[in-house]
Structure formats: structure tokens, C-alpha cells
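Text of protein-v7.cif, listed as mmCIF, C-alpha atoms:
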```cif
data_model
loop_
_atom_site.group_PDB
_atom_site.id
_atom_site.type_symbol
_atom_site.label_atom_id
_atom_site.label_comp_id
_atom_site.auth_asym_id
_atom_site.auth_seq_id
_atom_site.Cartn_x
_atom_site.Cartn_y
_atom_site.Cartn_z
ATOM 1 C CA MET A 925 5.527 -49.909 -5.012
ATOM 2 C CA ASP A 926 6.462 -49.044 -1.396
ATOM 3 C CA ILE A 927 10.002 -49.508 -0.063
ATOM 4 C CA LEU A 928 9.289 -52.918 1.484
ATOM 5 C CA GLU A 929 7.921 -54.244 -1.812
ATOM 6 C CA GLU A 930 10.966 -52.813 -3.573
ATOM 7 C CA ILE A 931 13.344 -54.493 -1.117
ATOM 8 C CA ILE A 932 11.585 -57.859 -1.385
ATOM 9 C CA ALA A 933 11.611 -57.741 -5.193
ATOM 10 C CA SER A 934 15.322 -56.952 -5.068
ATOM 11 C CA LYS A 935 15.916 -59.762 -2.585
ATOM 12 C CA TYR A 936 14.394 -62.427 -4.848
ATOM 13 C CA LYS A 937 16.793 -61.369 -7.622
ATOM 14 C CA GLU A 938 19.707 -61.361 -5.197
ATOM 15 C CA VAL A 939 18.919 -64.909 -4.046
ATOM 16 C CA VAL A 940 19.012 -66.176 -7.627
ATOM 17 C CA GLU A 941 22.434 -64.583 -8.126
ATOM 18 C CA ARG A 942 23.842 -65.891 -4.856
ATOM 19 C CA LYS A 943 22.628 -69.425 -5.541
ATOM 20 C CA ALA A 944 24.648 -69.356 -8.760
ATOM 21 C CA GLN A 945 27.738 -67.933 -7.040
ATOM 22 C CA TYR A 946 27.637 -70.007 -3.851
ATOM 23 C CA PRO A 947 25.584 -73.210 -4.192
ATOM 24 C CA VAL A 948 24.196 -74.860 -1.071
ATOM 25 C CA THR A 949 26.851 -77.552 -1.335
ATOM 26 C CA VAL A 950 29.490 -74.859 -0.917
ATOM 27 C CA LEU A 951 27.699 -73.207 2.018
ATOM 28 C CA GLU A 952 27.447 -76.554 3.812
ATOM 29 C CA LYS A 953 31.244 -76.824 3.799
ATOM 30 C CA SER A 954 31.622 -73.641 5.837
ATOM 31 C CA PRO A 955 33.423 -74.157 9.184
ATOM 32 C CA TYR A 956 30.421 -72.547 10.895
ATOM 33 C CA PHE A 957 27.832 -74.896 9.416
ATOM 34 C CA GLU A 958 28.349 -77.637 12.003
ATOM 35 C CA ARG A 959 28.799 -75.176 14.855
ATOM 36 C CA PRO A 960 26.273 -75.698 17.694
ATOM 37 C CA THR A 961 23.988 -72.673 17.831
ATOM 38 C CA VAL A 962 23.430 -70.544 20.930
ATOM 39 C CA SER A 963 19.852 -69.802 22.014
ATOM 40 C CA LEU A 964 18.822 -66.197 21.502
ATOM 41 C CA LYS A 965 15.694 -66.806 23.545
ATOM 42 C CA GLU A 966 17.612 -68.158 26.524
ATOM 43 C CA HIS A 967 20.195 -65.370 26.526
ATOM 44 C CA ILE A 968 17.559 -62.659 26.424
ATOM 45 C CA SER A 969 15.839 -64.326 29.370
ATOM 46 C CA ARG A 970 18.991 -64.330 31.524
ATOM 47 C CA ALA A 971 18.657 -62.246 34.683
ATOM 48 C CA ASP A 972 22.272 -61.051 34.519
ATOM 49 C CA LYS A 973 21.740 -59.444 31.114
ATOM 50 C CA THR A 974 19.665 -56.506 29.890
ATOM 51 C CA GLY A 975 17.598 -58.080 27.129
ATOM 52 C CA ILE A 976 19.103 -55.644 24.648
ATOM 53 C CA ILE A 977 19.843 -56.992 21.175
ATOM 54 C CA ALA A 978 22.434 -54.482 19.976
ATOM 55 C CA GLU A 979 22.600 -53.993 16.234
ATOM 56 C CA ILE A 980 25.270 -53.311 13.646
ATOM 57 C CA LYS A 981 23.635 -51.091 10.998
ATOM 58 C CA ARG A 982 25.581 -48.901 8.573
ATOM 59 C CA LYS A 983 22.626 -47.193 6.887
ATOM 60 C CA SER A 984 18.885 -47.526 6.331
ATOM 61 C CA PRO A 985 16.302 -46.406 3.764
ATOM 62 C CA SER A 986 14.631 -44.154 6.333
ATOM 63 C CA LYS A 987 17.709 -42.475 7.837
ATOM 64 C CA GLY A 988 20.265 -42.786 5.043
ATOM 65 C CA VAL A 989 23.920 -43.194 5.998
ATOM 66 C CA ILE A 990 24.307 -43.738 9.733
ATOM 67 C CA ASN A 991 27.787 -45.130 10.417
ATOM 68 C CA PRO A 992 29.425 -46.442 7.224
ATOM 69 C CA ASP A 993 32.895 -46.981 8.716
ATOM 70 C CA VAL A 994 31.896 -48.830 11.882
ATOM 71 C CA SER A 995 34.424 -51.345 13.215
ATOM 72 C CA VAL A 996 32.277 -54.470 13.439
ATOM 73 C CA GLY A 997 34.752 -56.364 15.608
ATOM 74 C CA ARG A 998 35.327 -53.591 18.141
ATOM 75 C CA THR A 999 31.699 -52.515 18.263
ATOM 76 C CA SER A 1000 30.234 -56.015 18.590
ATOM 77 C CA MET A 1001 32.643 -56.932 21.397
ATOM 78 C CA GLY A 1002 31.944 -53.625 23.096
ATOM 79 C CA TYR A 1003 28.211 -54.203 22.941
ATOM 80 C CA ILE A 1004 28.512 -57.539 24.715
ATOM 81 C CA GLN A 1005 31.018 -56.242 27.269
ATOM 82 C CA ALA A 1006 28.568 -53.432 28.024
ATOM 83 C CA GLY A 1007 25.904 -55.988 28.930
ATOM 84 C CA ALA A 1008 23.903 -56.526 25.754
ATOM 85 C CA SER A 1009 22.283 -59.971 25.631
ATOM 86 C CA ALA A 1010 22.845 -60.587 21.940
ATOM 87 C CA LEU A 1011 23.822 -59.057 18.622
ATOM 88 C CA SER A 1012 21.888 -58.283 15.482
ATOM 89 C CA VAL A 1013 23.825 -57.824 12.255
ATOM 90 C CA LEU A 1014 22.316 -56.353 9.083
ATOM 91 C CA THR A 1015 23.576 -58.377 6.116
ATOM 92 C CA ASP A 1016 21.633 -56.623 3.340
ATOM 93 C CA PHE A 1017 24.030 -54.549 1.226
ATOM 94 C CA THR A 1018 21.819 -52.591 -1.160
ATOM 95 C CA TYR A 1019 19.588 -50.900 1.399
ATOM 96 C CA PHE A 1020 21.499 -51.240 4.680
ATOM 97 C CA GLY A 1021 25.162 -51.360 3.664
ATOM 98 C CA GLY A 1022 25.759 -54.685 5.406
ATOM 99 C CA SER A 1023 27.211 -58.004 4.293
ATOM 100 C CA SER A 1024 27.702 -61.589 5.326
ATOM 101 C CA ASP A 1025 31.287 -60.632 6.143
ATOM 102 C CA ASP A 1026 29.992 -58.313 8.883
ATOM 103 C CA LEU A 1027 28.280 -61.213 10.607
ATOM 104 C CA ILE A 1028 31.310 -63.467 10.150
ATOM 105 C CA THR A 1029 33.494 -60.775 11.724
ATOM 106 C CA ALA A 1030 31.154 -60.481 14.712
ATOM 107 C CA ARG A 1031 31.034 -64.278 15.024
ATOM 108 C CA LYS A 1032 34.813 -64.592 15.131
ATOM 109 C CA VAL A 1033 35.102 -62.400 18.229
ATOM 110 C CA ASN A 1034 31.883 -63.240 20.113
ATOM 111 C CA GLU A 1035 30.285 -66.380 21.521
ATOM 112 C CA CYS A 1036 26.901 -64.748 22.157
ATOM 113 C CA PRO A 1037 23.772 -65.337 20.037
ATOM 114 C CA ILE A 1038 23.747 -63.441 16.740
ATOM 115 C CA LEU A 1039 20.576 -62.623 14.841
ATOM 116 C CA ARG A 1040 20.977 -62.395 11.099
ATOM 117 C CA LYS A 1041 18.904 -59.338 10.183
ATOM 118 C CA ASP A 1042 17.846 -59.542 6.566
ATOM 119 C CA PHE A 1043 14.780 -59.976 4.383
ATOM 120 C CA THR A 1044 14.473 -63.758 4.276
ATOM 121 C CA VAL A 1045 12.304 -65.054 1.454
ATOM 122 C CA ASP A 1046 13.976 -68.364 0.554
ATOM 123 C CA GLU A 1047 15.373 -71.464 2.255
ATOM 124 C CA TYR A 1048 18.716 -70.712 0.620
ATOM 125 C CA GLN A 1049 19.125 -67.633 2.832
ATOM 126 C CA ILE A 1050 18.547 -69.765 5.913
ATOM 127 C CA VAL A 1051 21.285 -72.184 4.886
ATOM 128 C CA GLU A 1052 23.434 -69.125 4.239
ATOM 129 C CA ALA A 1053 22.672 -67.758 7.722
ATOM 130 C CA LYS A 1054 23.824 -71.030 9.255
ATOM 131 C CA SER A 1055 26.989 -71.003 7.128
ATOM 132 C CA ILE A 1056 28.081 -67.544 8.343
ATOM 133 C CA GLY A 1057 27.591 -68.287 12.032
ATOM 134 C CA ALA A 1058 24.126 -66.949 12.807
ATOM 135 C CA ASP A 1059 22.043 -68.395 15.642
ATOM 136 C CA ALA A 1060 18.692 -66.911 14.665
ATOM 137 C CA ILE A 1061 16.942 -65.417 11.663
ATOM 138 C CA LEU A 1062 14.284 -62.765 11.183
ATOM 139 C CA LEU A 1063 11.047 -63.520 9.341
ATOM 140 C CA ILE A 1064 8.917 -60.469 8.528
ATOM 141 C CA ALA A 1065 5.164 -61.051 8.435
ATOM 142 C CA ALA A 1066 4.607 -58.079 6.123
ATOM 143 C CA ALA A 1067 6.918 -59.659 3.539
ATOM 144 C CA LEU A 1068 5.592 -63.230 3.509
ATOM 145 C CA GLU A 1069 2.301 -65.061 3.204
ATOM 146 C CA PRO A 1070 1.520 -66.961 6.448
ATOM 147 C CA ALA A 1071 1.903 -70.388 4.805
ATOM 148 C CA ARG A 1072 5.292 -69.414 3.375
ATOM 149 C CA LEU A 1073 6.456 -67.935 6.658
ATOM 150 C CA LYS A 1074 5.518 -71.169 8.409
ATOM 151 C CA GLN A 1075 7.531 -73.192 5.873
ATOM 152 C CA LEU A 1076 10.610 -71.023 6.357
ATOM 153 C CA ALA A 1077 10.342 -71.102 10.152
ATOM 154 C CA THR A 1078 10.026 -74.884 10.114
ATOM 155 C CA PHE A 1079 13.063 -75.176 7.850
ATOM 156 C CA ALA A 1080 15.100 -72.871 10.103
ATOM 157 C CA HIS A 1081 14.465 -75.192 13.035
ATOM 158 C CA THR A 1082 15.852 -78.151 11.057
ATOM 159 C CA LEU A 1083 19.167 -76.261 11.111
ATOM 160 C CA SER A 1084 18.809 -75.442 14.842
ATOM 161 C CA LEU A 1085 18.274 -71.759 14.082
ATOM 162 C CA GLU A 1086 15.757 -69.846 16.185
ATOM 163 C CA VAL A 1087 13.154 -67.611 14.575
ATOM 164 C CA LEU A 1088 12.236 -64.042 15.460
ATOM 165 C CA LEU A 1089 8.845 -63.363 13.893
ATOM 166 C CA GLU A 1090 8.372 -59.663 13.203
ATOM 167 C CA VAL A 1091 4.887 -58.141 13.131
ATOM 168 C CA HIS A 1092 3.547 -54.618 12.908
ATOM 169 C CA ASN A 1093 -0.134 -55.033 13.666
ATOM 170 C CA ARG A 1094 -2.623 -57.400 15.244
ATOM 171 C CA ALA A 1095 -3.714 -58.886 11.903
ATOM 172 C CA GLU A 1096 -0.133 -59.937 11.066
ATOM 173 C CA LEU A 1097 0.286 -61.359 14.548
ATOM 174 C CA GLU A 1098 -2.879 -63.442 14.543
ATOM 175 C CA ALA A 1099 -2.310 -64.688 10.988
ATOM 176 C CA ASN A 1100 1.049 -66.198 11.967
ATOM 177 C CA LEU A 1101 0.538 -67.655 15.427
ATOM 178 C CA ASP A 1102 0.730 -71.207 14.087
ATOM 179 C CA ALA A 1103 4.232 -70.590 12.705
ATOM 180 C CA PRO A 1104 6.919 -72.226 14.881
ATOM 181 C CA ALA A 1105 8.569 -68.982 15.965
ATOM 182 C CA ASP A 1106 10.617 -68.700 19.159
ATOM 183 C CA LEU A 1107 10.305 -64.962 19.675
ATOM 184 C CA ILE A 1108 7.796 -62.405 18.454
ATOM 185 C CA GLY A 1109 9.077 -58.935 17.708
ATOM 186 C CA VAL A 1110 6.870 -55.884 17.335
ATOM 187 C CA ASN A 1111 8.494 -53.471 14.911
ATOM 188 C CA ASN A 1112 7.558 -50.006 16.073
ATOM 189 C CA ARG A 1113 8.681 -48.674 12.681
ATOM 190 C CA ASN A 1114 6.217 -49.195 9.852
ATOM 191 C CA LEU A 1115 8.280 -50.651 6.987
ATOM 192 C CA LYS A 1116 5.918 -49.114 4.443
ATOM 193 C CA THR A 1117 5.766 -45.549 5.809
ATOM 194 C CA PHE A 1118 8.759 -45.513 8.216
ATOM 195 C CA VAL A 1119 6.625 -43.858 10.886
ATOM 196 C CA THR A 1120 7.891 -44.983 14.312
ATOM 197 C CA ASP A 1121 5.700 -45.282 17.398
ATOM 198 C CA VAL A 1122 6.884 -47.240 20.445
ATOM 199 C CA HIS A 1123 3.318 -47.304 21.770
ATOM 200 C CA LEU A 1124 2.643 -49.978 19.170
ATOM 201 C CA SER A 1125 4.530 -52.488 21.331
ATOM 202 C CA GLU A 1126 2.321 -51.630 24.285
ATOM 203 C CA GLN A 1127 -0.824 -51.980 22.187
ATOM 204 C CA LEU A 1128 0.072 -55.430 20.850
ATOM 205 C CA ALA A 1129 1.527 -56.866 24.066
ATOM 206 C CA PRO A 1130 -1.778 -58.314 25.398
ATOM 207 C CA PHE A 1131 -2.304 -60.277 22.182
ATOM 208 C CA ILE A 1132 1.076 -62.044 22.118
ATOM 209 C CA PRO A 1133 0.743 -65.511 23.708
ATOM 210 C CA ASN A 1134 2.942 -66.130 26.735
ATOM 211 C CA GLU A 1135 4.846 -68.991 25.112
ATOM 212 C CA TYR A 1136 6.627 -66.474 22.899
ATOM 213 C CA LEU A 1137 9.363 -64.225 24.202
ATOM 214 C CA LYS A 1138 8.323 -60.649 23.421
ATOM 215 C CA VAL A 1139 10.762 -58.310 21.663
ATOM 216 C CA SER A 1140 10.229 -54.604 21.004
ATOM 217 C CA GLU A 1141 12.055 -53.349 17.924
ATOM 218 C CA SER A 1142 13.000 -49.838 16.761
ATOM 219 C CA GLY A 1143 12.510 -46.393 18.210
ATOM 220 C CA ILE A 1144 13.800 -47.153 21.716
ATOM 221 C CA GLU A 1145 15.814 -44.063 22.635
ATOM 222 C CA ASN A 1146 15.433 -43.837 26.404
ATOM 223 C CA PRO A 1147 16.113 -46.373 29.189
ATOM 224 C CA HIS A 1148 12.790 -45.342 30.744
ATOM 225 C CA THR A 1149 11.075 -46.778 27.667
ATOM 226 C CA ILE A 1150 12.555 -50.206 28.404
ATOM 227 C CA ILE A 1151 11.363 -50.025 32.012
ATOM 228 C CA LYS A 1152 7.863 -49.290 30.735
ATOM 229 C CA LEU A 1153 7.996 -52.080 28.140
ATOM 230 C CA LYS A 1154 9.151 -54.598 30.732
ATOM 231 C CA LYS A 1155 5.919 -53.951 32.610
ATOM 232 C CA GLN A 1156 4.097 -54.988 29.437
ATOM 233 C CA GLY A 1157 5.935 -58.330 29.399
ATOM 234 C CA TYR A 1158 8.743 -57.495 26.986
ATOM 235 C CA GLN A 1159 12.114 -59.094 27.661
ATOM 236 C CA GLY A 1160 13.935 -58.272 24.427
ATOM 237 C CA PHE A 1161 14.762 -54.851 23.011
ATOM 238 C CA LEU A 1162 16.279 -54.545 19.538
ATOM 239 C CA MET A 1163 18.299 -51.354 19.277
ATOM 240 C CA GLY A 1164 20.436 -50.160 16.388
ATOM 241 C CA GLN A 1165 20.162 -46.559 15.304
ATOM 242 C CA ASN A 1166 20.284 -45.160 18.842
ATOM 243 C CA PHE A 1167 23.786 -46.590 19.258
ATOM 244 C CA MET A 1168 25.003 -46.524 15.669
ATOM 245 C CA GLN A 1169 24.501 -42.785 15.234
ATOM 246 C CA HIS A 1170 27.481 -42.265 17.569
ATOM 247 C CA SER A 1171 31.102 -42.514 16.428
ATOM 248 C CA ARG A 1172 31.682 -45.161 19.113
ATOM 249 C CA PRO A 1173 28.420 -47.147 19.262
ATOM 250 C CA GLU A 1174 29.742 -49.437 21.991
ATOM 251 C CA GLN A 1175 30.301 -46.459 24.313
ATOM 252 C CA ALA A 1176 26.772 -45.198 23.674
ATOM 253 C CA CYS A 1177 25.525 -48.692 24.486
ATOM 254 C CA GLN A 1178 27.531 -48.754 27.726
ATOM 255 C CA GLU A 1179 26.122 -45.406 28.865
ATOM 256 C CA PHE A 1180 22.579 -46.487 28.008
ATOM 257 C CA ILE A 1181 22.934 -49.756 29.912
ATOM 258 C CA ASP A 1182 24.533 -48.062 32.931
ATOM 259 C CA THR A 1183 21.497 -45.790 33.184
ATOM 260 C CA LEU A 1184 19.108 -48.693 32.632
ATOM 261 C CA ARG A 1185 20.692 -50.689 35.451
ATOM 262 C CA LYS A 1186 20.409 -47.729 37.817
ATOM 263 C CA LEU A 1187 16.730 -47.445 36.986
ATOM 264 C CA ASP A 1188 16.271 -51.175 37.559
ATOM 265 C CA GLN A 1189 17.932 -50.887 40.979
ATOM 266 C CA GLU A 1190 15.739 -47.928 41.921
ATOM 267 C CA ALA A 1191 12.669 -49.934 40.982
ATOM 268 C CA LEU A 1192 13.524 -52.750 43.407
#
```
Structure encoded using C-alpha cells:
Amino acid sequence: MDILEEIIASKYKEVVERKAQYPVTVLEKSPYFERPTVSLKEHISRADKTGIIAEIKRKSPSKGVINPDVSVGRTSMGYIQAGASALSVLTDFTYFGGSSDDLITARKVNECPILRKDFTVDEYQIVEAKSIGADAILLIAAALEPARLKQLATFAHTLSLEVLLEVHNRAELEANLDAPADLIGVNNRNLKTFVTDVHLSEQLAPFIPNEYLKVSESGIENPHTIIKLKKQGYQGFLMGQNFMQHSRPEQACQEFIDTLRKLDQEAL
């Protein structure tokens, strides 16, 4: 069993437990459940922003502990003040050290779009995402059969949540093009081997239909990489570890974006 299979098996068990603890009827009473969502797709497309989806990530299976004591409120606000277009918050506890409370904390102090980053395998988790203030969810092609992914994406839209469809190869992409996703993300990190190669985004770019907003995920460490990816049609750039490995992730984000904006100006 590879790590992705292990995580998914664990997630199914977790969903059963959470359904017993917090039934859907309880989730639907959350003050965030009736909150109008904010479009992740539209914010990433805004000319006055960078396209960066800045992530809160305490640890990961590939890198271990990254930043366990991060201040979610300070960091999330700092990300947006620095010019990030949106936030991504890891809510998986077992493998990433996150929680629903992290997303709720970020929601309380930000009006921007927030992506709930987790391993979604059940409609319950989508209701849960809505109840904690998320605007979008992640659906991972490697973790779901195409028919199931389509069902979950369709259900997410009934709650006005956008869908970021994550793929890692052309076969996953083409098998899921009939799913009602809003954005397609290419994960440059293989979730089975953890090998990271940003060139994967460049390779898959020509095969992503234009109606989807393209997002490159993982392994982006240099502003020059974003400039190159923009030429391939990418507008979104999911970044976590590059910022989170610093004691003040929001400052690292600010410095990265300052350099990126200088490069953008030079390119004009």
C-alpha cells in the first residue's frame, strides 16, 4: 500500500467517525453554512493579484514537520496582505497536522476565497467544508474513480462550492474532463512516490481545455518559475512548503511576491 492508498483508507474511517460525532443536521446549523461563497476562479483571474494560492501546512508525509506552531490568523492575513489571491488550508490532522479549526480561524479574519485542502471521498466532507467557511474543495483524480469524482463535484456545486480537480498525468486528466470542475490543478508532486517535477505542469498544459483555469501545484520555489508557467497558460499557483518552512511564512510570501512583481514589470 502506497502513502496515498493509506491516507484514503484512513480517510474513509475518519468520515464514519465524524458522521457519528457531527451529523449533517448539526453541520447545517453552522453560522457559515448560509454564507455566500467567494469565487476562487474569479479571484485568481484578477489582474491586481498574483494568482498565488498560499497554503497553511504544518507538516506532510514527504517532508515531516514543517511549521507546527504556525499562527493561522497572522499568517493567513499576511498572505493576503502580501498579494496572494486566495488561501489553501490543510484540514487533515493525521498526515498534515491540520484541522477544521485552522480553516475556521482563517475564515474569521479573511474575506478572500479559501480552498479546503483535504482528501475528499464522501459528500459528508463537502457539507463539512461548507460548514467551516470554505469556498472551494479539492478532488484528487488519483484517489477517486471518474464516476465518483463527477458525483462529488456535482454535489459540491449544489452548495455553491467550486471544485479544483487535481491530476498528475494525462490519463487522469482525460478520464475526468466531463466532471464539472472549475479549475484543474496539476500536482507536480507524485502522491505515490513524492517525486516533484515542475516540468509536469508544462507537459500537461496543452491538454487542459481553455474553459478550465489552470493551476500549478507544488514545487514552485522561484518567481521565475511562475513567469515561465504563465506563458504556458497557468493563472493559479498553489504554494505551501516554500513559505511554511520559514518562521514567518507571511514575510517569505511578501518577499516572493515583491520579486515576482518586479519580474512582471520587467517583462512588460
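Taken over the shown file, the PyMOL selection byres ((chain A and resi 1130-1135) around 10) identifies Arg1094, Leu1097, Glu1098, Leu1101, Ala1105, Asp1106, Leu1107, Ile1108, Gly1109, Val1110, Ser1125, Glu1126, Gln1127, Leu1128, Ala1129, Tyr1136, Leu1137, Lys1138, Gln1156 and Gly1157 of chain A.
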12 Å contact set for A:Ile931, all atoms listed in the file, chain neighbours under 2 positions out, as a list of chain:residue names: A:Met925, A:Asp926, A:Ile927, A:Leu928, A:Glu929, A:Ala933, A:Ser934, A:Lys935, A:Tyr936, A:Lys937, A:Glu938, A:Ser984, A:Pro985, A:Asp1016, A:Phe1017, A:Thr1018, A:Tyr1019, A:Phe1020, A:Asp1042, A:Phe1043, A:Thr1044, A:Val1045, A:Ala1066, A:Ala1067, A:Leu1115, A:Lys1116
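For the structure in this document, the set picked by the PyMOL selection byres ((chain A and resi 1059) around 7) is A:Thr961, A:Val962, A:Ser963, A:Pro1037, A:Ile1038, A:Leu1039, A:Gly1057, A:Ala1058, A:Ala1060, A:Leu1085, A:Glu1086.
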Resulting file, chosen residues, C-alpha atoms, as a CSV table (one decimal), keeping the file's coordinate frame:
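Contents of again_15.csv, as written:
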```csv
chain,number,residue,atom,x,y,z
A,961,THR,CA,24.0,-72.7,17.8
A,962,VAL,CA,23.4,-70.5,20.9
A,963,SER,CA,19.9,-69.8,22.0
A,1037,PRO,CA,23.8,-65.3,20.0
A,1038,ILE,CA,23.7,-63.4,16.7
A,1039,LEU,CA,20.6,-62.6,14.8
A,1057,GLY,CA,27.6,-68.3,12.0
A,1058,ALA,CA,24.1,-66.9,12.8
A,1060,ALA,CA,18.7,-66.9,14.7
A,1085,LEU,CA,18.3,-71.8,14.1
A,1086,GLU,CA,15.8,-69.8,16.2
```
Given the PyMOL selection byres ((chain A and resi 1143) around 8), the residues it picks as a list in words: Asn1112, Arg1113, Thr1120, Asp1121, Val1122, Glu1141, Ser1142, Ile1144, Glu1145, Met1163 and Asn1166 of chain A
Residues within 9 Å of stretch 953-956 of chain A, only C-alpha atoms, excluding chain neighbours under 3 positions, as a PyMOL selection string: chain A and resi 948-950+959-960+1054-1058
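Interatomic distance, atom CA of A:Leu1184 to atom CA of A:Cys1036: 20.7 Å.
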